[in-house]
Each structure stands twice: as structure tokens, then as C-alpha cells.
Amino acid sequence: MDNSSDAHSRHRCAACYRQFNRMEHLVEHMRSSHHSYHEPRCGVCGKHRRSLDALRDHLGFGASLPSKPACAAAFQAHGCPLCLVVFPTASALRAHCAACKLSRASIPSSMQSLTTTMSRMGVRGGGRAVALGCKMVGGGSDGTLDVCARVCVVDEHEAILYESFVKPIIPVTHYRYETTGIRPEHLRGAPTVKQAMRRVQDILLNGEQSYYSSRGAARLLVGHGLEHDLDALGMDYPAHLKRDTATYPPLMKTSARLMSNSLRYLTRSCLGYDIQTGGHHHPYDDCVAAMRLYKRMRAMSHLHLNGRRKDDDDESTAKAFPAWRQRELERMSPEELLAMSKPDYQCWCLDDDRRC
């Protein structure tokens with residue numbers, strides 16, 4: 001019985017706890033699953049999940065039955081519903097929740113009646129990352145073509161670096177006033193899309209001549225659906241500098257194929273407040289929400305990574321599990337295999353210089 005139990009434990013994935021009949025099958029699973037210590041983990045049983053939504057399902061959020069009732073019961077007693085961390089006592093949970101639950105940022109009064117460009121060009125801003133948000137009006141014969149009519153950029157401290165209405169390059173056929181609050185007079189005399197794009201580029205370059213400068217001073221660009229906003233501005237940006245909350249795997253929907261969650265859903269489920277609830281939607285709200293999500297994910301603690309260098313995570317899983325090492329890999333423990341495995345995405349915790 002003991003030998004059988006040891007064999008079963010040896011063939012069990014240390015991340016998802018899936019059981020295999022043979023060690024070679026476990027090695028192949030680790031090669032293709034991209035498990036790593038960067039994945040969201042249950043604070044009760046330690047099981048890894050692909051995304052925060054998958055972890056919520058495991059704990060019984062939004063599901064008729066949790067996948068593991070014991071974990072759900074422990075989480076209900078001492079777990080934070082936003083960051084999904086489990087605390088040892090109710091008092092520790094209360095102290096944490098007071099800081100974890102955020103409130104909606106106040107839109108500066110100077111922006112609420114803005115009819116001209118507001119800019120803090122020359123101000124470097126706090127932190128390396130900036131968040132971009134655009135508001136679209138409708139173009140084309142039926143008004144369904146998205147064209148940029150307002151842009152906002154904020155720094156890590158939620159200070160505005162640039163905010164302006166933008167004059168679209170094609171005629172506007174639907175101002176979508178109910179949600180954008182944009183009227184024709186707002187766009188008269190506004191900067192063109194090309195002018196706005198240059199101002200945003202100046203902020204992102206941060207004094208560099210190229211995004212690929214050896215000094216590495218170009219900023220990280222945070223947003224939700226960045227490709228859509230960048231396309232509307234006629235811009236491109238290097239993939240290694242983008243931090244998109246719409247495509248970051250831990251923030252995506254639980255399904256056989258990862259799909260994006262809305263910014264509104266992520267703000268409610270991860271930050272604890274509502275945006276885009278009615279009336280006019282300001283791009284400042286979107287910028288702040290995306291930046292807060294980025295900073296929260298960047299600050300996630302991966303305890304098993306202590307002592308590891310940032311460079312250790314640059315190697316791909318395919319390189320970590322080469323076929324020529326198969327026999328050696330089959331002699332390793334599940335925990336050793338997990339320590340070697342790499343995620344198939346760049347974890348944002350690696351942006352924190354204190355962990356490099």
C-alpha cells in the first residue's frame with residue numbers, strides 16, 4: 001500500500017494535482033501545460049489555476065458548486081474576495097480588506113468641462129509605466145466605425161500627463177453622446193490625431209530616440225484593449241513594453257480558449273468599485289482602472305520565487321524540458337519539475353525592480 005501511494009504521489013502534478021500513470025506522461029504534461037509559480041494559487045490547498053476566474057470557480061464564486069468545498073469553506077471564513085488571498089484570522093482579513101477595496105478616482109474638475117488640450121509635457125511622471133485610454137465616436141455611413149475623439153495618459157500615481165479632445169481624420173456621423181459626452185464643439189480646434197499621437201509618443205519615449213534604446217528608459221504602456229486604442233491613434237508599440245489587462249492570462253475568462261474580460265468586470269471583481277455605470281464615460285476612469293489592475297498584478301507575491309533572478313524566467317518551457325533530457329527528467333520529483341517550468345507569458349511581477 002505504501003509503495004502504491006508513493007508511486008501515485010510521484011506521478012501527480014505539483015501544480016494542478018492531476019494524476020498520471022507513468023512518469024513520462026507527467027513530464028510531457030509539464031512540457032505542454034506551462035505551469036509555474038507565477039500562476040494564481042488557492043491559499044487553502046495550494047492548487048494552481050490558469051486565471052483568477054478559474055480560481056474563483058475553484059472557491060465557489062459565481063458557480064452553483066465549488067470544485068473543492070473544503071477550500072470554499074475556509075475561504076469564506078478568511079479569504080479576500082478581491083485578491084483571493086486567505087488570511088489566518090478574521091482580524092487580519094478585515095485589516096487587509098480596508099486597503100484592498102479601492103474607490104473610484106475623482107475626475108479632476110479641470111477636466112470635467114475641458115474644451116482644449118490639457119498637458120503636463122516636460123513632467124516625467126511617477127514610475128516607469130503610464131496608462132493610455134481613448135474614447136471613440138462613430139464614423140462611416142452607419143456610425144459603427146470607431147474613431148478616436150478623446151485621449152488621456154496618466155502616470156502610476158494617477159496624475160494626468162496628457163488629456164485632449166482629438167479631431168478625427170474622417171467625418172463623425174455618431175457622437176455617441178450618451179456615453180462619451182462629446183459634442184461637435186469639443187472637436188473644433190482640437191489637435192489632429194497625428195498631433196495627439198506625437199504627444200503620446202513623446203511621453204512613451206521618455207527622452208529616448210528609440211523604443212529599443214540601450215538605456216531602457218522607454219515607458220511601459222498599460223491599458224485595456226491597447227491594440228484598439230493604438231490603432232485609433234495610428235500608432236504601434238513594441239510588444240515587450242505593452243501591459244494589456246485585456247490579454248494578460250491571469251485576468252482572462254475561464255474557458256477552453258482564453259477570452260478577454262471587460263474592464264468594467266475586472267474593476268468590480270479585482271478592485272471593488274464600479275466604472276462605466278451610466279452617463280458619460282471619461283477616459284481618465286479607464287486609465288486609472290487599468291493602471292490599478294496592473295499595479296495589483298505586479299505586486300502579487302510569488303513566495304516560491306524568493307532568491308530567483310529575473311533572468312531565470314527568460315528561458316522557455318521547451319528549453320527547460322528538452323527531449324534529450326527525458327530520462328533525467330523522469331527521475332525528478334514533481335516539485336523539481338514545477339520549479340523548472342516556465343509560464344507562456346511574461347509575468348508582471350517581473351516588472352518590479354525590487355525582485356530582479
# chains A, B, ... in the order shown; residues from 1 in each chain; ligands from 1
$ residues_around --residues "Cys349 of chain A" --least-positions-apart "4" --cutoff "7 Å" --atoms "only C-alpha atoms" --output "list in words"
Met297, Arg298, Ala299 and Met300 of chain A
$ closest_atom_pairs --of "segment 224-291 of chain A" --to "segment 148-152 of chain A" --cutoff "9 Å" --atoms "only C-alpha atoms" --output "JSON lines"
{"residue": "A:Asp229", "atom": "CA", "partner": "A:Cys148", "partner_atom": "CA", "distance": 7.8}
{"residue": "A:Ala232", "atom": "CA", "partner": "A:Cys148", "partner_atom": "CA", "distance": 5.6}
{"residue": "A:Leu233", "atom": "CA", "partner": "A:Cys148", "partner_atom": "CA", "distance": 6.8}
{"residue": "A:His282", "atom": "CA", "partner": "A:Arg150", "partner_atom": "CA", "distance": 8.9}
{"residue": "A:Pro283", "atom": "CA", "partner": "A:Cys152", "partner_atom": "CA", "distance": 6.0}
{"residue": "A:Tyr284", "atom": "CA", "partner": "A:Cys152", "partner_atom": "CA", "distance": 6.1}
{"residue": "A:Cys287", "atom": "CA", "partner": "A:Cys152", "partner_atom": "CA", "distance": 7.3}
$ residues_around --residues "Leu52 of chain A" --least-positions-apart "3" --cutoff "9 Å" --atoms "only C-alpha atoms" --output "number ranges by chain"
A: 39-41, 49, 55-57, 83-84, 249-254
$ write_last_selection --atoms "C-alpha atoms" --output "mmCIF file, in the first residue's frame"
data_model
loop_
_atom_site.group_PDB
_atom_site.id
_atom_site.type_symbol
_atom_site.label_atom_id
_atom_site.label_comp_id
_atom_site.auth_asym_id
_atom_site.auth_seq_id
_atom_site.Cartn_x
_atom_site.Cartn_y
_atom_site.Cartn_z
ATOM 1 C CA GLU A 39 0.071 31.133 -11.654
ATOM 2 C CA PRO A 40 -2.745 32.089 -9.259
ATOM 3 C CA ARG A 41 -2.872 29.559 -6.406
ATOM 4 C CA ARG A 49 -5.147 27.731 -11.596
ATOM 5 C CA LEU A 55 -9.522 30.282 -9.010
ATOM 6 C CA ARG A 56 -12.872 31.924 -8.253
ATOM 7 C CA ASP A 57 -14.640 28.885 -9.712
ATOM 8 C CA CYS A 83 -7.302 39.426 -4.414
ATOM 9 C CA LEU A 84 -8.349 35.895 -3.283
ATOM 10 C CA PRO A 249 -3.745 35.428 -18.962
ATOM 11 C CA PRO A 250 -4.365 35.665 -15.170
ATOM 12 C CA LEU A 251 -7.051 38.309 -15.850
ATOM 13 C CA MET A 252 -8.813 36.475 -18.676
ATOM 14 C CA LYS A 253 -12.003 34.401 -18.684
ATOM 15 C CA THR A 254 -12.116 30.741 -17.728
#
$ closest_residue --among "A:Gln326, A:Gln201, A:Gln346, A:Thr179" --to "Gln276 of chain A" --atoms "only C-alpha atoms"
A:Thr179
$ select_by_dssp --residues "segment 80-268 of chain A" --states "strand (DSSP E or B)" --output "VMD selection string"
chain A and resid 86 118 to 119 129 to 139 145 to 155 160 to 165 167 172 to 174 192 220 to 223 242 to 244
$ residues_around --residues "Pro343 of chain A" --least-positions-apart "4" --cutoff "7 Å" --atoms "only C-alpha atoms" --output "PyMOL selection string"
chain A and resi 34-36
